$ cat upload.txt   # compact mmCIF, C-alpha atoms
# COMPACT_ATOMS: atom_id res chain seq x y z
CA MET L 118 0.79 -19.97 3.97
CA ARG L 119 3.80 -21.78 5.50
CA LYS L 120 7.19 -20.75 4.11
CA GLY L 121 8.02 -24.26 2.89
CA ALA L 122 4.73 -24.59 1.01
CA PHE L 123 5.17 -21.12 -0.49
CA LYS L 124 8.68 -21.90 -1.77
CA ARG L 125 7.54 -25.19 -3.31
CA ALA L 126 4.61 -23.46 -5.04
CA LEU L 127 6.86 -20.75 -6.42
CA TRP L 128 9.40 -23.22 -7.81
CA VAL L 129 6.63 -25.29 -9.43
CA VAL L 130 5.31 -22.16 -11.18
CA LEU L 131 8.75 -21.03 -12.38
CA TRP L 132 9.86 -24.41 -13.69
CA GLY L 133 6.44 -25.09 -15.19
CA ALA L 134 6.60 -21.79 -17.06
CA LEU L 135 10.10 -22.56 -18.36
CA ALA L 136 9.02 -25.97 -19.57
CA MET L 137 5.81 -24.77 -21.17
CA PRO L 138 5.84 -24.89 -24.99
CA ALA L 139 5.33 -21.59 -26.75
CA GLN L 140 1.98 -21.37 -28.53
CA PRO L 141 0.90 -18.91 -31.20
CA GLN L 142 -0.81 -15.82 -29.83
CA ASP L 143 -2.89 -13.59 -32.10
CA SER L 144 -2.74 -10.42 -30.04
CA SER L 145 -1.53 -8.89 -26.79
CA PRO L 146 -3.47 -9.84 -23.64
CA SER L 147 -3.49 -6.18 -22.66
CA ASN L 148 -5.80 -5.57 -25.61
CA SER L 149 -9.00 -7.54 -26.24
CA GLY L 150 -7.04 -10.74 -26.91
CA THR L 151 -9.04 -11.76 -29.97
CA SER L 152 -10.40 -10.78 -33.37
CA TYR L 153 -14.06 -9.74 -33.51
CA SER L 154 -14.62 -11.09 -37.03
CA ASN L 155 -15.15 -14.74 -35.95
CA TYR L 156 -17.09 -16.82 -33.47
CA GLY L 157 -14.91 -18.37 -30.83
CA PHE L 158 -13.48 -18.54 -27.34
CA SER L 159 -9.91 -17.89 -26.29
CA LEU L 160 -8.09 -17.84 -22.98
CA PRO L 161 -4.76 -16.01 -23.09
CA VAL L 162 -2.76 -16.39 -19.89
CA THR L 163 0.17 -14.47 -18.43
CA LEU L 164 2.00 -16.42 -15.74
CA SER L 165 4.68 -14.66 -13.66
CA GLY L 166 6.96 -15.40 -10.75
CA GLY L 167 9.20 -12.90 -9.02
CA ALA L 168 11.58 -12.24 -6.16
CA MET L 169 12.74 -9.03 -4.48
CA TYR L 170 15.29 -7.75 -1.99
CA SER L 171 14.32 -4.76 0.16
CA GLU L 172 14.43 -3.38 3.69
CA ARG L 173 10.75 -2.53 3.19
CA LEU L 174 10.09 -6.10 4.35
CA GLN L 175 11.53 -5.16 7.76
CA SER L 176 9.52 -1.96 8.27
CA ASP L 177 7.28 -3.59 10.90
CA ASP L 178 9.64 -6.31 12.14
CA PRO L 179 13.44 -6.00 11.82
CA GLY L 180 13.63 -9.77 12.22
CA ASN L 181 11.99 -10.37 8.84
CA SER L 182 14.10 -11.50 5.91
CA ARG L 183 14.99 -8.88 3.29
CA VAL L 184 14.28 -11.43 0.54
CA THR L 185 10.85 -12.63 -0.54
CA GLY L 186 8.95 -13.68 -3.62
CA GLY L 187 5.50 -14.09 -5.08
CA MET L 188 3.63 -15.05 -8.20
CA GLN L 189 0.74 -13.90 -10.37
CA VAL L 190 -1.61 -15.41 -12.92
CA MET L 191 -3.57 -13.18 -15.30
CA LEU L 192 -6.48 -14.82 -17.15
CA TYR L 193 -8.07 -13.12 -20.17
CA PRO L 194 -11.14 -15.15 -21.23
CA THR L 195 -12.65 -13.75 -24.43
CA LEU L 196 -15.84 -14.82 -26.16
CA THR L 197 -16.45 -13.60 -29.73
CA LEU L 198 -20.01 -13.70 -31.07
CA GLY L 199 -19.66 -12.51 -34.63
CA PRO L 200 -18.44 -9.21 -36.00
CA HIS L 201 -20.20 -7.06 -33.36
CA TRP L 202 -20.74 -8.77 -29.99
CA PHE L 203 -18.00 -9.93 -27.63
CA ALA L 204 -17.30 -10.55 -23.94
CA TYR L 205 -13.97 -10.02 -22.22
CA ALA L 206 -12.49 -10.33 -18.74
CA ALA L 207 -9.14 -9.86 -17.03
CA GLN L 208 -8.83 -11.78 -13.77
CA GLN L 209 -5.83 -11.46 -11.46
CA ILE L 210 -4.73 -14.20 -9.03
CA ARG L 211 -1.76 -13.00 -6.98
CA LEU L 212 0.38 -14.42 -4.22
CA ALA L 213 1.80 -11.38 -2.43
CA PRO L 214 4.38 -9.96 -1.86
CA TYR L 215 4.71 -9.78 -5.62
CA TYR L 216 4.66 -6.09 -6.61
CA TYR L 217 7.08 -3.66 -5.05
CA TYR L 218 4.33 -1.96 -3.06
CA ASP L 219 3.43 -5.38 -1.56
CA ALA L 220 6.81 -5.43 0.22
CA TYR L 221 5.49 -3.33 3.13
CA TYR L 222 3.29 -6.33 4.04
CA PRO L 223 5.66 -9.33 4.05
CA GLU L 224 3.15 -12.03 4.98
CA HIS L 225 2.28 -14.27 2.05
CA GLU L 226 -1.39 -13.84 1.10
CA TRP L 227 -3.50 -14.83 -1.90
CA TYR L 228 -5.60 -12.18 -3.68
CA VAL L 229 -8.18 -12.72 -6.41
CA GLN L 230 -9.20 -9.46 -8.08
CA THR L 231 -11.12 -8.51 -11.21
CA ILE L 232 -9.44 -6.00 -13.51
CA GLN L 233 -12.20 -6.07 -16.14
CA ALA L 234 -15.28 -8.14 -16.98
CA PHE L 235 -17.68 -6.75 -19.58
CA MET L 236 -19.91 -7.31 -22.57
CA GLY L 237 -19.15 -5.27 -25.67
CA TYR L 238 -20.67 -4.23 -28.97
CA GLN L 239 -18.56 -2.92 -31.83
CA ILE L 240 -19.25 -1.21 -35.15
CA ARG L 241 -16.37 -0.81 -37.57
CA GLY L 242 -16.27 1.43 -40.60
CA GLU L 243 -13.49 2.08 -43.06
CA LYS L 244 -11.73 4.56 -40.74
CA THR L 245 -14.08 4.80 -37.76
CA THR L 246 -14.73 2.36 -34.92
CA VAL L 247 -17.36 2.66 -32.16
CA VAL L 248 -17.33 0.34 -29.12
CA ILE L 249 -19.83 0.12 -26.25
CA LYS L 250 -18.84 -1.76 -23.07
CA VAL L 251 -21.00 -2.66 -20.06
CA GLY L 252 -19.73 -4.37 -16.91
CA ARG L 253 -16.65 -4.00 -14.74
CA LEU L 254 -14.23 -1.67 -16.49
CA SER L 255 -10.74 -0.30 -15.99
CA SER L 256 -10.89 3.40 -15.30
CA ALA L 257 -10.97 5.56 -18.41
CA PHE L 258 -8.85 8.08 -16.51
CA GLY L 259 -5.16 7.98 -17.36
CA ALA L 260 -3.12 5.79 -19.67
CA PHE L 261 -1.36 3.26 -17.44
CA PRO L 262 -4.40 1.06 -16.56
CA LEU L 263 -4.16 -0.37 -20.08
CA HIS L 264 -0.63 -1.69 -19.33
CA TYR L 265 -1.14 -3.72 -16.17
CA ASP L 266 0.03 -6.97 -17.83
CA ASP L 267 3.58 -7.97 -16.85
CA ALA L 268 4.47 -8.74 -20.47
CA ASP L 269 3.46 -5.20 -21.46
CA ASN L 270 4.98 -3.24 -18.57
CA PRO L 271 8.73 -2.96 -19.36
CA LEU L 272 9.57 -2.52 -15.64
CA LEU L 273 8.40 -4.19 -12.45
CA ASP L 274 6.75 -1.33 -10.53
CA GLN L 275 3.86 1.00 -11.39
CA PRO L 276 3.63 4.83 -11.41
CA LEU L 277 2.97 6.34 -7.99
CA SER L 278 -0.55 7.65 -8.57
CA TYR L 279 -1.74 4.09 -9.33
CA VAL L 280 -0.26 2.36 -6.27
CA GLN L 281 0.64 4.89 -3.54
CA THR L 282 -1.80 5.31 -0.66
CA MET L 283 -2.32 8.86 0.63
CA THR L 284 -2.90 10.30 4.12
CA LEU L 285 -6.56 10.79 3.13
CA ARG L 286 -9.26 8.16 3.53
CA ASN L 287 -12.51 7.51 1.68
CA ASP L 288 -14.30 6.10 4.73
CA GLN L 289 -13.26 8.64 7.40
CA LEU L 290 -13.50 12.42 7.63
CA ALA L 291 -10.51 14.58 8.57
CA CYS L 292 -11.31 17.19 11.23
CA GLY L 293 -9.02 19.76 9.64
CA VAL L 294 -5.49 20.43 8.46
CA ALA L 295 -3.98 19.27 11.78
CA ASP L 296 -5.66 15.89 11.30
CA LEU L 297 -3.74 15.43 8.04
CA LEU L 298 -0.32 16.74 9.06
CA TRP L 299 0.42 14.19 11.78
CA GLN L 300 -0.34 11.23 9.51
CA THR L 301 2.28 9.13 7.74
CA TYR L 302 1.90 7.02 4.61
CA GLY L 303 0.53 3.56 5.31
CA TRP L 304 -2.04 3.24 8.09
CA VAL L 305 -4.22 6.35 8.43
CA TRP L 306 -6.72 7.48 11.08
CA ASN L 307 -8.88 10.61 10.81
CA GLY L 308 -10.94 11.70 13.79
CA CYS L 309 -14.26 13.21 12.62
CA GLY L 310 -16.33 10.14 11.89
CA GLY L 311 -16.50 7.13 9.62
CA ALA L 312 -15.20 3.59 9.75
CA PRO L 313 -13.58 2.75 13.10
CA GLY L 314 -9.84 2.41 13.64
CA TRP L 315 -6.81 2.56 11.37
CA GLY L 316 -6.90 1.72 7.67
CA ASP L 317 -5.27 2.22 4.31
CA GLY L 318 -5.35 5.67 2.76
CA LEU L 319 -6.92 6.21 -0.64
CA THR L 320 -5.04 5.58 -3.89
CA PRO L 321 -5.62 8.33 -6.51
CA VAL L 322 -6.39 5.91 -9.38
CA SER L 323 -7.38 2.27 -8.90
CA LEU L 324 -6.00 -0.35 -11.29
CA TYR L 325 -9.03 -2.54 -10.54
CA GLY L 326 -12.43 -2.52 -12.19
CA LEU L 327 -15.38 -0.21 -11.61
CA PRO L 328 -18.96 -1.21 -12.51
CA GLY L 329 -20.21 0.98 -15.34
CA ILE L 330 -20.74 1.66 -19.01
CA GLN L 331 -18.32 3.12 -21.53
CA ALA L 332 -18.49 4.37 -25.12
CA GLU L 333 -15.36 4.67 -27.26
CA VAL L 334 -14.89 6.12 -30.71
CA SER L 335 -11.82 6.40 -32.92
CA SER L 336 -11.81 8.08 -36.29
CA HIS L 337 -8.80 8.96 -38.40
CA ARG L 338 -6.36 10.53 -35.90
CA VAL L 339 -8.86 11.27 -33.13
CA ASP L 340 -10.02 8.97 -30.32
CA GLY L 341 -12.42 9.62 -27.45
CA ARG L 342 -14.13 7.83 -24.58
CA ILE L 343 -16.84 8.57 -22.01
CA GLN L 344 -17.41 6.37 -18.97
CA VAL L 345 -20.07 6.41 -16.25
CA THR L 346 -19.23 4.26 -13.23
CA SER L 347 -20.36 3.40 -9.73
CA GLY L 348 -17.71 5.02 -7.57
CA SER L 349 -14.65 7.11 -8.22
CA PRO L 350 -11.32 6.02 -9.75
CA SER L 351 -10.12 6.82 -6.20
CA ASN L 352 -12.78 4.58 -4.62
CA PRO L 353 -14.47 1.84 -6.69
CA LEU L 354 -17.86 0.79 -5.27
CA SER L 355 -20.32 -1.98 -6.05
CA LEU L 356 -23.20 -1.50 -8.46
CA SER L 357 -25.63 -1.23 -5.51
CA HIS L 358 -24.22 2.25 -4.83
CA ALA L 359 -24.63 3.44 -8.43
CA PRO L 360 -27.56 5.89 -8.01
CA GLN L 361 -25.83 7.94 -5.31
CA TYR L 362 -22.20 7.48 -6.36
CA ALA L 363 -22.46 7.54 -10.16
CA GLN L 364 -19.91 9.74 -11.87
CA TRP L 365 -18.36 10.40 -15.24
CA VAL L 366 -14.91 10.07 -16.75
CA LEU L 367 -13.99 11.67 -20.09
CA GLY L 368 -10.89 11.12 -22.18
CA GLY L 369 -9.56 11.56 -25.67
CA GLY L 370 -6.45 11.91 -27.76
CA TYR L 371 -4.97 13.01 -31.06
CA THR L 372 -2.32 11.17 -33.02
CA ILE L 373 -0.03 13.86 -34.41
CA ARG L 374 1.77 11.31 -36.54
CA GLN L 375 2.28 7.57 -36.43
CA GLY L 376 3.86 6.74 -33.09
CA PHE L 377 3.18 10.14 -31.50
CA ARG L 378 -0.07 10.66 -29.56
CA VAL L 379 -1.18 13.21 -26.96
CA GLY L 380 -4.24 12.83 -24.76
CA VAL L 381 -6.27 14.27 -21.91
CA SER L 382 -8.71 12.76 -19.41
CA GLY L 383 -10.73 13.96 -16.43
CA PHE L 384 -13.21 12.79 -13.82
CA ARG L 385 -15.49 14.35 -11.22
CA GLY L 386 -17.91 12.83 -8.74
CA PRO L 387 -18.40 11.54 -5.17
CA TYR L 388 -15.58 9.55 -3.61
CA LEU L 389 -16.50 9.32 0.09
CA ALA L 390 -17.64 5.87 1.21
CA PRO L 391 -21.00 5.12 2.89
CA ASP L 392 -19.19 4.87 6.26
CA ALA L 393 -18.44 8.61 6.09
CA ALA L 394 -21.79 9.72 4.64
CA ALA L 395 -23.62 9.67 7.98
CA PHE L 396 -21.14 12.20 9.46
CA LEU L 397 -21.51 14.87 6.79
CA PRO L 398 -23.08 18.23 7.69
CA ALA L 399 -26.88 18.36 7.77
CA GLY L 400 -28.41 19.00 4.36
CA SER L 401 -25.39 17.69 2.46
CA SER L 402 -24.56 14.35 0.86
CA VAL L 403 -21.54 12.62 -0.65
CA ARG L 404 -22.30 14.47 -3.88
CA SER L 405 -21.65 17.76 -2.06
CA PHE L 406 -17.97 16.81 -1.64
CA PRO L 407 -16.67 15.36 -4.93
CA ALA L 408 -13.22 14.31 -6.06
CA SER L 409 -11.92 15.59 -9.36
CA GLY L 410 -8.96 14.73 -11.52
CA LEU L 411 -7.29 16.09 -14.64
CA GLY L 412 -4.64 14.19 -16.57
CA LEU L 413 -2.41 14.84 -19.59
CA GLU L 414 -0.61 12.00 -21.37
CA VAL L 415 1.81 11.46 -24.22
CA GLN L 416 3.10 8.37 -26.04
CA TRP L 417 5.96 8.42 -28.55
CA ALA L 418 7.83 5.72 -30.47
CA ARG L 419 10.40 5.84 -33.22
CA GLY L 420 12.90 3.23 -34.27
CA HIS L 421 14.48 1.53 -31.24
CA TRP L 422 13.10 4.12 -28.81
CA SER L 423 9.71 4.52 -27.14
CA ALA L 424 8.60 6.84 -24.35
CA SER L 425 5.45 7.80 -22.47
CA GLY L 426 4.43 9.97 -19.56
CA GLU L 427 1.54 11.47 -17.61
CA TRP L 428 0.83 14.57 -15.51
CA GLN L 429 -2.13 14.38 -13.14
CA ARG L 430 -3.80 16.63 -10.58
CA PHE L 431 -6.39 15.44 -8.04
CA GLN L 432 -8.56 17.36 -5.58
CA TYR L 433 -10.62 15.91 -2.72
CA ASP L 434 -13.32 18.17 -1.27
CA LEU L 435 -14.02 17.74 2.45
CA PRO L 436 -16.41 19.43 4.93
CA GLY L 437 -14.71 22.04 7.08
CA PHE L 438 -12.00 22.83 4.51
CA THR L 439 -11.83 26.18 2.72
CA GLN L 440 -9.02 24.88 0.48
CA ALA L 441 -9.48 21.23 -0.43
CA PRO L 442 -6.45 18.90 -0.26
CA SER L 443 -4.90 18.35 -3.69
CA ILE L 444 -2.22 16.09 -5.17
CA VAL L 445 -0.01 16.45 -8.25
CA SER L 446 1.65 13.36 -9.71
CA THR L 447 3.72 12.83 -12.82
CA TYR L 448 6.02 10.27 -14.39
CA ALA L 449 8.00 9.69 -17.56
CA GLU L 450 9.35 6.39 -18.83
CA ALA L 451 11.56 5.42 -21.74
CA LYS L 452 12.56 2.14 -23.36
CA ARG L 453 15.46 1.40 -25.70
CA THR L 454 15.57 -1.84 -27.71
CA LEU L 455 19.20 -2.97 -27.92
CA THR L 456 18.62 -6.19 -29.88
CA PRO L 457 15.45 -8.03 -30.93
CA ARG L 458 15.62 -9.86 -27.56
CA LEU L 459 17.15 -7.31 -25.19
CA TYR L 460 15.96 -3.89 -23.94
CA VAL L 461 16.65 -1.39 -21.17
CA ALA L 462 14.06 0.92 -19.60
CA GLY L 463 13.69 3.57 -16.94
CA ARG L 464 10.92 5.48 -15.18
CA ALA L 465 11.07 8.59 -12.99
CA GLY L 466 8.10 10.08 -11.18
CA TYR L 467 6.97 12.05 -8.18
CA LEU L 468 3.86 12.62 -6.09
CA ASP L 469 3.47 15.96 -4.33
CA ALA L 470 0.71 16.74 -1.84
CA GLY L 471 -0.48 20.32 -2.26
CA GLY L 472 -1.85 22.89 0.14
CA ALA L 473 -4.93 22.76 2.35
CA ALA L 474 -6.78 25.16 4.65
CA ASP L 475 -9.67 24.68 7.07
CA ALA L 476 -12.42 26.85 8.50
CA THR L 477 -10.45 27.52 11.72
CA GLY L 478 -7.77 29.36 9.74
CA VAL L 479 -5.11 26.62 9.90
CA SER L 480 -3.34 26.11 6.55
CA THR L 481 -0.35 24.33 5.04
CA ASN L 482 1.50 24.37 1.74
CA HIS L 483 1.92 20.57 1.77
CA PHE L 484 -0.41 18.35 3.76
CA ALA L 485 1.81 15.25 3.28
CA PRO L 486 5.48 14.54 2.39
CA TRP L 487 6.52 14.45 -1.27
CA ILE L 488 7.60 11.13 -2.81
CA GLY L 489 9.97 10.51 -5.71
CA SER L 490 10.39 7.17 -7.47
CA TYR L 491 13.19 6.24 -9.90
CA GLU L 492 13.36 2.78 -11.50
CA LEU L 493 15.99 1.42 -13.89
CA GLY L 494 15.90 -2.03 -15.42
CA GLY L 495 15.69 -4.16 -18.50
CA GLY L 496 14.39 -7.34 -20.02
CA TRP L 497 15.53 -10.31 -22.08
CA TRP L 498 13.06 -12.17 -24.30
CA LEU L 499 14.07 -15.83 -24.13
CA ASN L 500 11.60 -16.41 -26.97
CA ARG L 501 8.40 -14.77 -28.25
CA HIS L 502 6.47 -15.72 -25.11
CA GLN L 503 8.95 -15.78 -22.24
CA LEU L 504 10.49 -12.66 -20.70
CA LEU L 505 13.02 -12.25 -17.89
CA LYS L 506 12.99 -8.77 -16.29
CA ALA L 507 14.97 -7.10 -13.53
CA SER L 508 15.02 -3.60 -12.06
CA TYR L 509 16.22 -1.49 -9.16
CA GLU L 510 14.04 1.23 -7.68
CA TRP L 511 15.11 4.21 -5.60
CA LEU L 512 12.20 5.56 -3.53
CA ARG L 513 12.78 8.97 -1.96
CA MET L 514 10.39 10.34 0.64
CA GLU L 515 10.60 13.70 2.36
CA HIS L 516 12.07 13.45 5.90
CA VAL L 517 13.03 9.75 5.34
CA PRO L 518 16.78 9.38 4.73
CA GLY L 519 18.66 6.32 3.52
CA ALA L 520 17.92 3.40 1.25
CA ALA L 521 15.41 1.49 3.38
CA ASN L 522 12.64 1.87 0.78
CA ASN L 523 14.73 0.85 -2.26
CA VAL L 524 13.94 -2.44 -4.00
CA LEU L 525 15.87 -4.86 -6.24
CA GLY L 526 13.61 -7.24 -8.11
CA VAL L 527 13.59 -9.94 -10.76
CA GLN L 528 10.58 -11.32 -12.60
CA PHE L 529 9.99 -14.16 -15.06
CA VAL L 530 6.95 -13.83 -17.33
CA THR L 531 5.45 -16.32 -19.77
CA THR L 532 2.40 -15.90 -22.01
CA PHE L 533 0.39 -18.59 -23.80
CA HIS L 534 -3.10 -19.51 -24.99
CA ALA L 535 -4.67 -22.10 -22.70
CA VAL L 536 -7.67 -22.26 -25.07
CA ASP L 537 -8.10 -20.95 -28.60
CA GLN L 538 -11.23 -22.41 -30.15
CA ALA L 539 -13.21 -21.14 -33.14
CA PHE L 540 -16.79 -22.28 -33.77
CA HIS L 541 -19.80 -21.48 -35.96

$ encode --input "upload.txt" --output "structure tokens"
Amino acid sequence: MRKGAFKRALWVVLWGALAMPAQPQDSSPSNSGTSYSNYGFSLPVTLSGGAMYSERLQSDDPGNSRVTGGMQVMLYPTLTLGPHWFAYAAQQIRLAPYYYYDAYYPEHEWYVQTIQAFMGYQIRGEKTTVVIKVGRLSSAFGAFPLHYDDADNPLLDQPLSYVQTMTLRNDQLACGVADLLWQTYGWVWNGCGGAPGWGDGLTPVSLYGLPGIQAEVSSHRVDGRIQVTSGSPSNPLSLSHAPQYAQWVLGGGYTIRQGFRVGVSGFRGPYLAPDAAAFLPAGSSVRSFPASGLGLEVQWARGHWSASGEWQRFQYDLPGFTQAPSIVSTYAEAKRTLTPRLYVAGRAGYLDAGGAADATGVSTNHFAPWIGSYELGGGWWLNRHQLLKASYEWLRMEHVPGAANNVLGVQFVTTFHAVDQAFH
């Protein structure tokens, strides 16, 4: 897209959002967006525009500007078919660079991606609810995938395990420890077979949908979920790969008291892509080399304060390795409401690559540099449906000095119902 056309499009979105009348909204778009007791169709929308300043934009070309902007539209169509049946989707239309991690790729590009799209069936009792979902689902691993909406996320960036690419790939096989150590974050190339050339490393947990089925139950203070999907949270695949790449995700939690919940989730199953399958040792398959993850989570809220955090560990089995590469990631965030319209928030997290060893006897305590991320910001609700946010992020990476990866960003978010129609 030409720069002039991009700037005009961005200004149209921002001014259109400011001029848009606020409309009543029954529930948060990050939830189902509707009540299951009626028949009807609704279309909640979150419309956002943002700008950022960062030297990340100059990582490939020092001649690039340090300032850029983007926009995003989130659509949440919801169809309610009585007290039990419903359909729901979350569709993302994004003009990048919009998120902080987009800043490493400064060219303006449009992306259309499905977060969720499923049919559901619900049974509600006095204190127990059971929900079955079939379709494209957010991963049941972790807590943050439920907060991808800009009106729900108090800051502008996302925790590292949900956005950071690693020096591992799903579609190529590493020959050994030495093949991992020379890599840097960003473009990755492993030499023992798979897709040709350089490519993005894997992200531990995708924020985009996986085809599958999920059952949820909540009763009194306990909640649980089980999900079977095609592909790993580290590598979503199409439904055509389901028989070979099917895997499970389990999760659950306990509410100690109102506003204080602890939870756990885990997954295990194949993560290597079909491009790498043909290069596996004879007699083995992608199921012989699974990925696994374990996560702990906590959410707390009291008065003007709220906080949440996660600890996660991932392991990626590979042929020729006697100690599989592993990753530990954690973050904690807090929010303080200063007035009914104004809040401040912060998030701190890190991602640490663990040890690895191969069959030749080569080993390492850390197969990739550690990364730390620290974001401080706040928001001002202009009204019930329009939010102005800003934040500054310090990104620290081992062996990379200076402030080149830091980002200053501002974001304007508006929510409304494009359609809200009940019928019988």

$ closest_residue --input "upload.txt" --among "L:Thr301, L:Thr195, L:Ser256, L:Asn522" --to "Ser176 (chain L)" --atoms "only C-alpha atoms"
L:Asn522

$ closest_residue --input "upload.txt" --among "L:Asn270, L:Cys292, L:Cys309, L:Gly526" --to "Pro214 (chain L)" --atoms "all atoms listed in the file"
L:Gly526

$ closest_residue --input "upload.txt" --among "L:Ala476, L:Leu504, L:Val322, L:Val461" --to "Ser446 (chain L)" --atoms "all atoms listed in the file"
L:Val322

$ closest_residue --input "upload.txt" --among "L:Leu356, L:Val530, L:Val381, L:Leu319" --to "Gln189 (chain L)" --atoms "all atoms listed in the file"
L:Val530

$ closest_residue --input "upload.txt" --among "L:Leu468, L:Ala234, L:Leu505, L:Val479" --to "Ala207 (chain L)" --atoms "only C-alpha atoms"
L:Ala234

$ atom_distance --input "upload.txt" --atom1 "CA of Ala473 (chain L)" --atom2 "CA of Leu285 (chain L)"
12.1 Å

$ axis_aligned_box --input "upload.txt" --around "region 321-338 of chain L" --padding-each-side "5 Å" --output "lines of an AutoDock Vina configuration file"
center_x = -13.2
center_y = 4.0
center_z = -22.5
size_x = 25.1
size_y = 23.1
size_z = 41.9

$ closest_residue --input "upload.txt" --among "L:Leu254, L:Val524, L:Val536, L:Leu324" --to "Thr185 (chain L)" --atoms "only C-alpha atoms"
L:Val524

$ residues_around --input "upload.txt" --residues "Arg430 (chain L)" --least-positions-apart "2" --cutoff "12 Å" --atoms "all atoms listed in the file" --output "PyMOL selection string"
chain L and resi 258-259+278+321-322+381-385+408-413+427-428+432-433+442-447+467-471

$ residues_around --input "upload.txt" --residues "Leu160 (chain L)" --least-positions-apart "5" --cutoff "6 Å" --atoms "only C-alpha atoms" --output "list in words"
Tyr193, Pro194, His534, Ala535 and Val536 of chain L

$ atom_distance --input "upload.txt" --atom1 "CA of Gln440 (chain L)" --atom2 "CA of Ala395 (chain L)"
22.4 Å

$ residues_near_point --input "upload.txt" --point "(2.1, -15.0, -20.5)" --cutoff "9 Å" --atoms "all atoms listed in the file" --output "VMD selection string"
chain L and resid 134 146 161 to 165 190 to 191 266 to 268 502 to 504 530 to 534

$ atom_distance --input "upload.txt" --atom1 "CA of Ile373 (chain L)" --atom2 "CA of Ser335 (chain L)"
14.0 Å

$ residues_around --input "upload.txt" --residues "Lys506 (chain L)" --least-positions-apart "2" --cutoff "6 Å" --atoms "all atoms listed in the file" --output "ChimeraX atom specification"
/L:495-496,527-528

$ residues_around --input "upload.txt" --residues "Leu290 (chain L)" --least-positions-apart "6" --cutoff "7 Å" --atoms "only C-alpha atoms" --output "PyMOL selection string"
chain L and resi 307-311+393

$ residues_near_point --input "upload.txt" --point "(0.8, 11.6, -34.2)" --cutoff "12 Å" --atoms "all atoms listed in the file" --output "PyMOL selection string"
chain L and resi 337-340+370-380+415-419

$ residues_around --input "upload.txt" --residues "Gly426 (chain L)" --least-positions-apart "4" --cutoff "6 Å" --atoms "all atoms listed in the file" --output "ChimeraX atom specification"
/L:414-415,448-449

$ decode --input "upload.txt" --residues "region 435-447 of chain L" --atoms "C-alpha atoms" --output "mmCIF file, in the first residue's frame"
data_model
loop_
_atom_site.group_PDB
_atom_site.id
_atom_site.type_symbol
_atom_site.label_atom_id
_atom_site.label_comp_id
_atom_site.auth_asym_id
_atom_site.auth_seq_id
_atom_site.Cartn_x
_atom_site.Cartn_y
_atom_site.Cartn_z
ATOM 1 C CA LEU L 435 13.612 -33.628 18.095
ATOM 2 C CA PRO L 436 15.445 -36.582 16.493
ATOM 3 C CA GLY L 437 19.126 -36.706 17.381
ATOM 4 C CA PHE L 438 18.689 -34.892 20.705
ATOM 5 C CA THR L 439 19.243 -36.640 24.038
ATOM 6 C CA GLN L 440 17.963 -33.555 25.904
ATOM 7 C CA ALA L 441 15.118 -31.847 24.070
ATOM 8 C CA PRO L 442 15.162 -28.028 23.782
ATOM 9 C CA SER L 443 12.905 -26.405 26.381
ATOM 10 C CA ILE L 444 11.614 -22.899 27.096
ATOM 11 C CA VAL L 445 10.370 -21.240 30.292
ATOM 12 C CA SER L 446 8.256 -18.103 30.053
ATOM 13 C CA THR L 447 6.455 -16.063 32.665
#
